[in-house]
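Undergrad: Provided below: protein-v5.cif, containing mmCIF, C-alpha atoms and all ligand atoms.
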data_final
loop_
_atom_site.label_atom_id
_atom_site.label_comp_id
_atom_site.auth_asym_id
_atom_site.auth_seq_id
_atom_site.Cartn_x
_atom_site.Cartn_y
_atom_site.Cartn_z
CA MET A 181 27.05 -26.98 -4.67
CA HIS A 182 29.34 -25.25 -7.16
CA GLY A 183 30.10 -21.56 -7.06
CA PHE A 184 33.00 -19.53 -5.86
CA THR A 185 32.02 -16.05 -6.92
CA ASP A 186 30.75 -15.02 -3.49
CA VAL A 187 32.19 -11.71 -2.50
CA ASP A 188 33.26 -12.91 0.93
CA ARG A 189 35.41 -15.50 -0.76
CA GLN A 190 37.00 -12.99 -3.15
CA SER A 191 40.63 -12.32 -2.28
CA ASP A 192 39.94 -8.60 -2.48
CA PRO A 193 36.29 -7.64 -1.97
CA TYR A 194 37.18 -3.95 -2.38
CA SER A 195 38.42 -4.52 -5.93
CA TRP A 196 35.17 -6.45 -6.59
CA ALA A 197 33.27 -3.37 -5.42
CA ALA A 198 35.26 -1.32 -7.93
CA VAL A 199 34.27 -3.77 -10.69
CA LEU A 200 30.60 -3.32 -9.79
CA ASP A 201 31.00 0.45 -9.94
CA ARG A 202 32.62 0.24 -13.39
CA LEU A 203 29.77 -1.96 -14.60
CA ALA A 204 27.18 0.46 -13.25
CA LYS A 205 28.60 3.15 -15.56
CA GLU A 206 28.27 0.99 -18.71
CA PRO A 207 25.36 2.18 -20.91
CA PHE A 208 23.82 -1.30 -21.12
CA TYR A 209 23.73 -1.64 -17.34
CA GLN A 210 22.44 1.90 -16.85
CA ALA A 211 19.59 1.26 -19.28
CA TYR A 212 18.39 -2.07 -17.91
CA GLN A 213 18.77 -0.90 -14.30
CA GLN A 214 16.64 2.12 -15.10
CA ARG A 215 14.00 -0.28 -16.41
CA VAL A 216 14.29 -2.36 -13.21
CA ARG A 217 13.59 0.79 -11.20
CA GLU A 218 10.58 1.67 -13.38
CA LEU A 219 9.17 -1.81 -12.88
CA LEU A 220 9.12 -1.18 -9.12
CA HIS A 221 6.47 1.53 -9.72
CA PRO A 222 8.21 4.02 -7.45
CA ALA A 223 6.22 6.96 -6.10
CA PRO A 224 7.28 9.62 -3.58
CA GLY A 225 7.16 8.41 0.00
CA ARG A 226 7.29 4.72 -0.82
CA ARG A 227 9.83 2.39 0.75
CA TYR A 228 11.94 -0.11 -1.19
CA LEU A 229 14.52 -2.82 -0.50
CA GLU A 230 17.39 -3.97 -2.71
CA VAL A 231 18.65 -7.46 -1.88
CA GLY A 232 22.29 -8.06 -2.78
CA ALA A 233 22.74 -4.37 -3.42
CA GLY A 234 26.49 -4.34 -4.04
CA THR A 235 27.81 -0.80 -3.92
CA GLY A 236 24.30 0.67 -4.03
CA ALA A 237 24.54 2.68 -7.24
CA SER A 238 21.05 1.74 -8.42
CA ALA A 239 19.57 2.10 -4.92
CA VAL A 240 20.84 5.69 -4.73
CA GLN A 241 19.37 6.46 -8.14
CA LEU A 242 15.98 5.06 -7.14
CA ARG A 243 15.99 7.17 -3.98
CA ASP A 244 17.13 10.38 -5.66
CA GLU A 245 15.07 10.14 -8.85
CA HIS A 246 11.78 9.15 -7.24
CA GLY A 247 11.78 10.57 -3.71
CA VAL A 248 11.46 7.15 -2.13
CA SER A 249 13.35 5.67 0.79
CA VAL A 250 15.58 2.70 0.13
CA ALA A 251 17.01 0.07 2.44
CA THR A 252 19.63 -2.40 1.25
CA VAL A 253 20.90 -5.82 2.21
CA ASP A 254 24.22 -7.32 1.25
CA TYR A 255 26.11 -9.98 3.12
CA ALA A 256 29.50 -8.46 2.31
CA GLN A 257 30.81 -5.92 4.77
CA ALA A 258 32.83 -4.32 1.96
CA MET A 259 29.62 -3.55 0.07
CA SER A 260 27.99 -2.04 3.13
CA ILE A 261 30.97 0.27 3.56
CA ALA A 262 30.76 1.29 -0.11
CA MET A 263 27.02 1.97 0.21
CA ARG A 264 27.44 4.12 3.31
CA ALA A 265 30.17 6.09 1.54
CA ARG A 266 27.61 6.70 -1.19
CA GLY A 267 25.14 8.15 1.31
CA LEU A 268 22.83 5.20 1.85
CA ALA A 269 21.93 5.04 5.53
CA GLN A 270 19.91 1.84 5.84
CA CYS A 271 22.43 -0.81 4.79
CA ALA A 272 22.01 -4.14 6.54
CA VAL A 273 24.83 -6.65 6.43
CA ALA A 274 22.66 -9.73 6.21
CA ASP A 275 21.91 -12.87 4.24
CA ALA A 276 19.28 -12.70 1.50
CA HIS A 277 17.80 -15.93 2.86
CA HIS A 278 17.03 -14.30 6.22
CA LEU A 279 16.04 -10.69 5.70
CA PRO A 280 16.08 -8.68 8.94
CA PHE A 281 12.75 -6.96 8.25
CA LEU A 282 9.13 -7.36 9.26
CA SER A 283 6.75 -9.01 6.83
CA ARG A 284 5.01 -6.63 4.41
CA SER A 285 7.23 -3.72 5.40
CA PHE A 286 8.18 -2.53 1.88
CA ASP A 287 6.30 -1.23 -1.14
CA GLY A 288 8.66 -3.19 -3.33
CA ALA A 289 11.90 -5.15 -3.39
CA TRP A 290 14.37 -6.08 -6.06
CA ALA A 291 17.38 -8.29 -6.62
CA ASP A 292 19.66 -7.37 -9.50
CA ARG A 293 22.26 -9.99 -10.44
CA SER A 294 22.03 -11.42 -6.92
CA VAL A 295 19.76 -14.45 -7.27
CA GLN A 296 22.37 -15.96 -9.59
CA HIS A 297 24.71 -16.25 -6.59
CA LEU A 298 22.35 -17.54 -3.90
CA ALA A 299 22.63 -20.98 -2.31
CA ASP A 300 18.84 -21.45 -2.18
CA PRO A 301 17.21 -19.12 -4.70
CA HIS A 302 13.72 -20.53 -4.08
CA ALA A 303 13.90 -19.79 -0.36
CA ALA A 304 15.42 -16.36 -0.95
CA ILE A 305 12.70 -15.38 -3.43
CA LYS A 306 10.06 -16.40 -0.88
CA GLU A 307 11.85 -14.28 1.67
CA ILE A 308 11.90 -11.27 -0.70
CA ILE A 309 8.16 -11.68 -1.27
CA ARG A 310 7.56 -11.95 2.47
CA VAL A 311 8.81 -8.42 3.14
CA VAL A 312 6.68 -6.79 0.41
CA ARG A 313 3.13 -5.66 1.14
CA PRO A 314 0.15 -6.91 -0.85
CA GLY A 315 -0.02 -4.81 -4.00
CA GLY A 316 3.71 -4.12 -3.81
CA ARG A 317 6.25 -5.01 -6.47
CA VAL A 318 8.99 -7.61 -6.78
CA VAL A 319 11.60 -7.36 -9.55
CA LEU A 320 14.30 -9.93 -10.30
CA ALA A 321 17.03 -9.32 -12.88
CA ASP A 322 19.69 -11.81 -13.89
CA PRO A 323 21.70 -12.83 -16.93
CA HIS A 324 20.90 -16.26 -18.35
CA TYR A 325 24.22 -17.84 -19.21
CA ASP A 326 22.75 -20.46 -21.56
CA THR A 327 22.26 -17.53 -23.94
CA GLN A 328 25.97 -16.76 -24.24
CA VAL A 329 27.71 -16.67 -27.62
CA LEU A 330 31.33 -15.83 -28.40
CA ASP A 331 33.01 -15.55 -31.79
CA ILE A 332 36.38 -17.25 -31.67
CA ALA A 333 37.68 -19.67 -34.31
CA ASP A 334 36.96 -22.88 -32.38
CA GLN A 335 33.26 -22.74 -31.55
CA SER A 336 33.39 -26.04 -29.73
CA LEU A 337 36.06 -24.68 -27.39
CA ALA A 338 34.08 -21.44 -26.97
CA ARG A 339 31.01 -23.45 -25.94
CA ARG A 340 32.97 -25.44 -23.37
CA VAL A 341 34.35 -22.30 -21.77
CA LEU A 342 30.93 -20.62 -21.79
CA ARG A 343 29.42 -23.81 -20.32
CA PHE A 344 31.97 -23.59 -17.49
CA ARG A 345 30.96 -19.99 -16.90
CA ALA A 346 27.28 -20.98 -16.81
CA ASP A 347 27.48 -24.11 -14.71
CA VAL A 348 30.44 -23.69 -12.38
CA LEU A 349 31.32 -20.03 -11.94
CA LEU A 350 27.75 -19.24 -10.91
CA ARG A 351 25.39 -21.13 -8.63
CA ASN A 352 22.28 -20.25 -10.62
CA GLY A 353 23.61 -19.08 -13.95
CA THR A 354 20.72 -20.59 -15.90
CA LEU A 355 17.72 -19.82 -13.69
CA ALA A 356 16.58 -16.43 -14.98
CA HIS A 357 13.95 -17.83 -17.40
CA GLN A 358 12.35 -19.58 -14.42
CA HIS A 359 11.97 -16.48 -12.23
CA ALA A 360 8.46 -15.93 -13.59
CA GLY A 361 7.43 -19.45 -12.65
CA LEU A 362 8.90 -19.09 -9.19
CA LEU A 363 6.94 -15.87 -8.64
CA ALA A 364 3.76 -17.43 -10.05
CA ALA A 365 4.14 -20.40 -7.68
CA GLN A 366 4.13 -17.92 -4.79
CA GLY A 367 0.83 -16.41 -5.97
CA LEU A 368 2.21 -13.22 -7.48
CA VAL A 369 0.18 -11.60 -10.25
CA ASP A 370 0.75 -9.26 -13.22
CA ILE A 371 3.96 -11.11 -14.03
CA THR A 372 6.00 -9.70 -16.92
CA VAL A 373 9.26 -10.87 -18.42
CA GLU A 374 11.51 -8.64 -20.51
CA ALA A 375 14.84 -9.51 -22.09
CA ARG A 376 17.84 -7.29 -22.75
CA THR A 377 20.89 -8.55 -24.59
CA LEU A 378 24.35 -7.34 -23.69
CA VAL A 379 26.51 -7.30 -26.82
CA VAL A 380 30.19 -6.70 -26.20
CA ARG A 381 32.36 -5.72 -29.14
CA ASP A 382 35.02 -3.90 -27.14
CA PRO A 383 37.37 -6.48 -25.66
CA THR A 384 38.83 -3.91 -23.29
CA ALA A 385 35.42 -3.54 -21.75
CA VAL A 386 35.10 -7.31 -21.56
CA ASP A 387 38.34 -7.70 -19.73
CA ASN A 388 37.61 -4.81 -17.43
CA VAL A 389 34.12 -5.80 -16.46
CA LEU A 390 33.67 -9.50 -17.14
CA GLY A 391 37.17 -10.98 -17.21
CA LEU A 392 36.04 -13.21 -20.08
CA ARG A 393 39.55 -13.85 -21.41
CA SER A 394 40.49 -15.42 -18.08
CA TRP A 395 37.57 -17.87 -17.91
CA ALA A 396 39.44 -20.61 -19.82
CA ASP A 397 42.43 -20.35 -17.48
CA THR A 398 40.07 -20.62 -14.50
CA ALA A 399 38.42 -23.63 -16.16
CA ALA A 400 41.85 -25.26 -16.55
CA GLN A 401 42.62 -24.62 -12.89
CA HIS A 402 39.44 -26.51 -12.02
CA GLY A 403 40.17 -29.41 -14.34
CA TRP A 404 37.54 -28.53 -16.93
CA LEU A 405 40.07 -27.85 -19.70
CA ASP A 406 43.64 -28.84 -20.46
CA PRO A 407 46.09 -25.97 -19.93
CA ALA A 408 46.88 -26.20 -23.67
CA GLU A 409 43.18 -25.67 -24.47
CA ALA A 410 43.11 -22.66 -22.17
CA ARG A 411 46.08 -21.18 -24.01
CA ALA A 412 44.38 -21.92 -27.36
CA PHE A 413 41.28 -20.08 -26.10
CA GLU A 414 43.35 -17.04 -25.16
CA ASP A 415 45.20 -17.10 -28.50
CA GLN A 416 41.92 -17.29 -30.43
CA PHE A 417 40.43 -14.60 -28.24
CA ASP A 418 43.36 -12.32 -29.14
CA GLU A 419 43.08 -13.24 -32.83
CA ALA A 420 39.39 -12.34 -32.82
CA VAL A 421 40.24 -8.96 -31.30
CA THR A 422 42.98 -8.29 -33.86
CA ALA A 423 40.64 -9.24 -36.71
CA HIS A 424 37.91 -6.91 -35.34
CA ARG A 425 35.47 -9.79 -35.22
CA PHE A 426 35.30 -10.10 -31.46
CA THR A 427 31.67 -10.48 -30.35
CA TYR A 428 30.27 -11.76 -27.06
CA ALA A 429 26.61 -11.63 -26.08
CA VAL A 430 24.42 -12.72 -23.19
CA THR A 431 20.76 -12.03 -22.48
CA PHE A 432 19.43 -10.64 -19.21
CA PHE A 433 15.89 -11.40 -18.01
CA LEU A 434 13.94 -8.74 -16.10
CA THR A 435 11.01 -10.33 -14.30
CA ALA A 436 8.48 -8.19 -12.45
CA ALA A 437 5.32 -9.01 -10.53
CA THR A 438 2.83 -7.73 -8.00
CA VAL A 439 2.29 -9.36 -4.63
CA GLY A 440 -1.29 -10.60 -4.46
CA GLY A 441 -3.66 -10.19 -1.56
CA ASP A 442 -5.60 -7.44 0.09
CA GLU A 443 -3.75 -4.10 0.21
CA SER A 444 -5.80 -3.06 3.24
CA THR A 445 -3.91 -5.66 5.27
CA ARG A 446 -0.69 -3.64 4.91
CA GLN A 447 1.15 -3.31 8.22
C1 LIG B 501 26.79 -9.10 -8.98
S1 LIG B 501 26.59 -8.27 -7.45
C2 LIG B 501 25.24 -7.17 -7.85
C3 LIG B 501 25.20 -5.97 -6.97
C4 LIG B 501 24.12 -4.94 -7.30
N1 LIG B 501 22.79 -5.51 -7.25
C5 LIG B 501 24.36 -4.27 -8.62
O1 LIG B 501 23.43 -4.26 -9.44
O2 LIG B 501 25.46 -3.73 -8.84
C6 LIG B 501 25.81 -9.45 -6.36
C7 LIG B 501 25.75 -8.98 -4.92
O3 LIG B 501 25.02 -9.96 -4.16
C8 LIG B 501 25.62 -10.08 -2.89
N2 LIG B 501 25.25 -11.38 -2.32
C9 LIG B 501 25.60 -12.60 -2.78
N3 LIG B 501 25.08 -13.55 -2.00
C10 LIG B 501 24.36 -12.93 -1.04
C11 LIG B 501 23.58 -13.37 0.07
N4 LIG B 501 23.43 -14.66 0.33
N5 LIG B 501 22.98 -12.45 0.83
C12 LIG B 501 23.12 -11.12 0.58
N6 LIG B 501 23.86 -10.64 -0.45
C13 LIG B 501 24.47 -11.53 -1.25
C14 LIG B 501 27.11 -9.92 -3.16
O4 LIG B 501 27.82 -9.54 -2.00
C15 LIG B 501 27.11 -8.85 -4.25
O5 LIG B 501 27.24 -7.56 -3.71
#
Here is a file; write its structure as structure tokens.
TA:
Amino acid sequence: MHGFTDVDRQSDPYSWAAVLDRLAKEPFYQAYQQRVRELLHPAPGRRYLEVGAGTGASAVQLRDEHGVSVATVDYAQAMSIAMRARGLAQCAVADAHHLPFLSRSFDGAWADRSVQHLADPHAAIKEIIRVVRPGGRVVLADPHYDTQVLDIADQSLARRVLRFRADVLLRNGTLAHQHAGLLAAQGLVDITVEARTLVVRDPTAVDNVLGLRSWADTAAQHGWLDPAEARAFEDQFDEAVTAHRFTYAVTFFLTAATVGGDESTRQ
């Protein structure tokens, strides 16, 4: 199984938390995360769970904007510390594949850019559904890395680097279009799929939040590219910036559904 983006394997999980916080302030992320929260159908008094909650920025917004209670799960201790500092009280350090909650104990649950990292996304999605009551909501949001495009001079080289990002840097970088099917297979109803495309024209933002310029170097370190090709990628990246043509885009899928069954059986 490929994938080495897990926070516990990051050399500095606290700097990774800072990256997540910077992303949460980007207008694109704010807008799609607001839509994720709407799709949960929050109403005062309801109880929600975010799986792979990171630093908890969206969880806090859901709680404060809708008068709901929110629990979070993240397997990284660093994220739990960040969430508690933010005022979230119910932060479990746990694995998404084994949620430490009773079945049907939430009105809704969501995973935002977490499923892409999970070792067994099918099992984890079943586990997320397990903890939501009949009639409750499940929302999954992830980028789909097959949708990436990048304008540098050598499009073949760009594709190879983007392919590396899709297939190696993430465990499930190309699963988001199948979230609906996975939810349907579990009997969920009212399934909707929305797409939002992140378009990055500001290379400073790219380097700050995505580290895109470094992907070729990482690919070379893992034997996917020659070091000379990695340098060519960086040179062309810089040329695209200088020429004001720099453009990178990737599409996020927001998949929402309702857990089927009889609401009167809620525990
Ligand atoms: C890209 S971050 C997204 C964080 C947050 N949802 C947000 O929108 O900012 C993915 C998060 O998933 C967590 N994660 C990855 N694998 C996990 C697992 N198996 N169980 C629980 N959390 C996990 C990571 O620690 C990280 O905080």
Undergrad: Considering all atoms listed in the file, tabulate each residue of chain A that lies at most 8 Å from ligand LIG 501 (chain B) along with its nearest interatomic pair and the corresponding distance in Å to one decimal; arrange the rows by chain and ascending residue number and present them as a tab-separated table.
TA:
residue	atom	partner	partner_atom	distance
A:Asp186	CA	B:LIG501	C9	5.7
A:Val187	CA	B:LIG501	O4	4.9
A:Asp188	CA	B:LIG501	O4	7.0
A:Ala197	CA	B:LIG501	O5	7.5
A:Leu200	CA	B:LIG501	O2	5.2
A:Asp201	CA	B:LIG501	O2	7.0
A:Leu203	CA	B:LIG501	O2	7.4
A:Ala204	CA	B:LIG501	O2	6.3
A:Gln213	CA	B:LIG501	O1	7.5
A:Glu230	CA	B:LIG501	N1	7.2
A:Val231	CA	B:LIG501	N6	6.3
A:Gly232	CA	B:LIG501	O3	3.6
A:Ala233	CA	B:LIG501	N1	4.0
A:Gly234	CA	B:LIG501	O5	3.3
A:Thr235	CA	B:LIG501	O2	6.2
A:Gly236	CA	B:LIG501	C4	6.5
A:Ala237	CA	B:LIG501	O2	6.7
A:Ser238	CA	B:LIG501	O1	6.5
A:Val253	CA	B:LIG501	C12	6.0
A:Asp254	CA	B:LIG501	N6	3.7
A:Tyr255	CA	B:LIG501	C12	4.1
A:Ala256	CA	B:LIG501	O4	4.8
A:Met259	CA	B:LIG501	O5	6.0
A:Val273	CA	B:LIG501	C12	7.6
A:Ala274	CA	B:LIG501	C12	5.8
A:Asp275	CA	B:LIG501	N5	3.6
A:Ala276	CA	B:LIG501	N5	3.8
A:His277	CA	B:LIG501	N4	6.3
A:Ala291	CA	B:LIG501	N1	6.1
A:Asp292	CA	B:LIG501	N1	4.3
A:Arg293	CA	B:LIG501	C1	4.8
A:Ser294	CA	B:LIG501	C6	4.3
A:Val295	CA	B:LIG501	N3	7.5
A:His297	CA	B:LIG501	N3	5.3
A:Leu298	CA	B:LIG501	N3	5.2
A:Ala299	CA	B:LIG501	N4	6.9
Undergrad: With distances taken over all atoms listed in the file, which residue among A:Ala400, A:Val199, A:Leu368, A:Ala211 lies nearest Val318 in chain A?
TA: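 Closest to Val318 in chain A, using all atoms listed in the file: A:Leu368.
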Undergrad: So what do you get for CA of Leu405 in chain A versus CA of Leu330 in chain A, distance-wise?
TA: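 One can read the CA of Leu405 in chain A to CA of Leu330 in chain A distance as 17.2 Å.
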Undergrad: For His324 in chain A, which residue out of A:Leu279, A:Ile309, A:Ala429, A:Val369 is the nearest one, using all atoms listed in the file?
TA: A:Ala429
Undergrad: Would you pick out the contacts of Leu355 in chain A at 9 Å or less, using only C-alpha atoms, so that residues sharing its chain but fewer than 4 positions from it are not included, and give the list as a list in words?
TA: Val295, Gln296, Asp322, Pro323, His324, Tyr325 and His359 of chain A
Undergrad: If you measure from CA of Ala269 in chain A to CA of Ala437 in chain A, what distance in Å do you get, rounded to one decimal?
TA: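 The value is 27.0 Å.
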Undergrad: Using all atoms listed in the file, determine which residues lie at most 12 Å from Arg217 in chain A, disregarding the query and same-chain residues fewer than 4 positions distant; provide the list as an MDAnalysis selection string.
TA: chainID A and resid 210:213 221:223 228:230 237:246 248 250 288:292 317:321 434:436
Undergrad: Could you write those residues out with C-alpha atoms, as a PDB file, keeping the file's coordinate frame?
TA:
ATOM      1  CA  GLN A 210      22.440   1.900 -16.850  1.00  0.00           C
ATOM      2  CA  ALA A 211      19.590   1.260 -19.280  1.00  0.00           C
ATOM      3  CA  TYR A 212      18.390  -2.070 -17.910  1.00  0.00           C
ATOM      4  CA  GLN A 213      18.770  -0.900 -14.300  1.00  0.00           C
ATOM      5  CA  HIS A 221       6.470   1.530  -9.720  1.00  0.00           C
ATOM      6  CA  PRO A 222       8.210   4.020  -7.450  1.00  0.00           C
ATOM      7  CA  ALA A 223       6.220   6.960  -6.100  1.00  0.00           C
ATOM      8  CA  TYR A 228      11.940  -0.110  -1.190  1.00  0.00           C
ATOM      9  CA  LEU A 229      14.520  -2.820  -0.500  1.00  0.00           C
ATOM     10  CA  GLU A 230      17.390  -3.970  -2.710  1.00  0.00           C
ATOM     11  CA  ALA A 237      24.540   2.680  -7.240  1.00  0.00           C
ATOM     12  CA  SER A 238      21.050   1.740  -8.420  1.00  0.00           C
ATOM     13  CA  ALA A 239      19.570   2.100  -4.920  1.00  0.00           C
ATOM     14  CA  VAL A 240      20.840   5.690  -4.730  1.00  0.00           C
ATOM     15  CA  GLN A 241      19.370   6.460  -8.140  1.00  0.00           C
ATOM     16  CA  LEU A 242      15.980   5.060  -7.140  1.00  0.00           C
ATOM     17  CA  ARG A 243      15.990   7.170  -3.980  1.00  0.00           C
ATOM     18  CA  ASP A 244      17.130  10.380  -5.660  1.00  0.00           C
ATOM     19  CA  GLU A 245      15.070  10.140  -8.850  1.00  0.00           C
ATOM     20  CA  HIS A 246      11.780   9.150  -7.240  1.00  0.00           C
ATOM     21  CA  VAL A 248      11.460   7.150  -2.130  1.00  0.00           C
ATOM     22  CA  VAL A 250      15.580   2.700   0.130  1.00  0.00           C
ATOM     23  CA  GLY A 288       8.660  -3.190  -3.330  1.00  0.00           C
ATOM     24  CA  ALA A 289      11.900  -5.150  -3.390  1.00  0.00           C
ATOM     25  CA  TRP A 290      14.370  -6.080  -6.060  1.00  0.00           C
ATOM     26  CA  ALA A 291      17.380  -8.290  -6.620  1.00  0.00           C
ATOM     27  CA  ASP A 292      19.660  -7.370  -9.500  1.00  0.00           C
ATOM     28  CA  ARG A 317       6.250  -5.010  -6.470  1.00  0.00           C
ATOM     29  CA  VAL A 318       8.990  -7.610  -6.780  1.00  0.00           C
ATOM     30  CA  VAL A 319      11.600  -7.360  -9.550  1.00  0.00           C
ATOM     31  CA  LEU A 320      14.300  -9.930 -10.300  1.00  0.00           C
ATOM     32  CA  ALA A 321      17.030  -9.320 -12.880  1.00  0.00           C
ATOM     33  CA  LEU A 434      13.940  -8.740 -16.100  1.00  0.00           C
ATOM     34  CA  THR A 435      11.010 -10.330 -14.300  1.00  0.00           C
ATOM     35  CA  ALA A 436       8.480  -8.190 -12.450  1.00  0.00           C
TER      36      ALA A 436
END
Undergrad: Report the distance between CA of Arg376 in chain A and CA of Ser195 in chain A in Å, rounded to one decimal place.
TA: 26.7 Å
Undergrad: Find the residue from A:Ala198, A:Ile305, A:Val421, A:Leu220 that sits nearest to Ala258 in chain A; use only C-alpha atoms when measuring.
TA: A:Ala198
Undergrad: For a cut-off of 12 Å around (39.5, -14.2, -31.5), file coordinates, pick out all residues using only C-alpha atoms and list them as a PyMOL selection string.
TA: chain A and resi 330-335+337-338+381+383+392-393+412-428
Undergrad: List as a ChimeraX atom specification the protein and nucleic acid residues near Phe286 in chain A, meaning an atom at most 10 Å away when only C-alpha atoms are counted, but skip any in the same chain fewer than 5 places from it.
TA: /A:226-229,249-251,281,308-314,316-317,446-447
Undergrad: Name the closest residue to Ser285 in chain A among the candidates A:Gly315, A:Ala265, A:Gly391, A:Gln214; distances are taken between atoms, counting all atoms listed in the file.
TA: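 Using all atoms listed in the file, the shortest distance to Ser285 in chain A belongs to A:Gly315.
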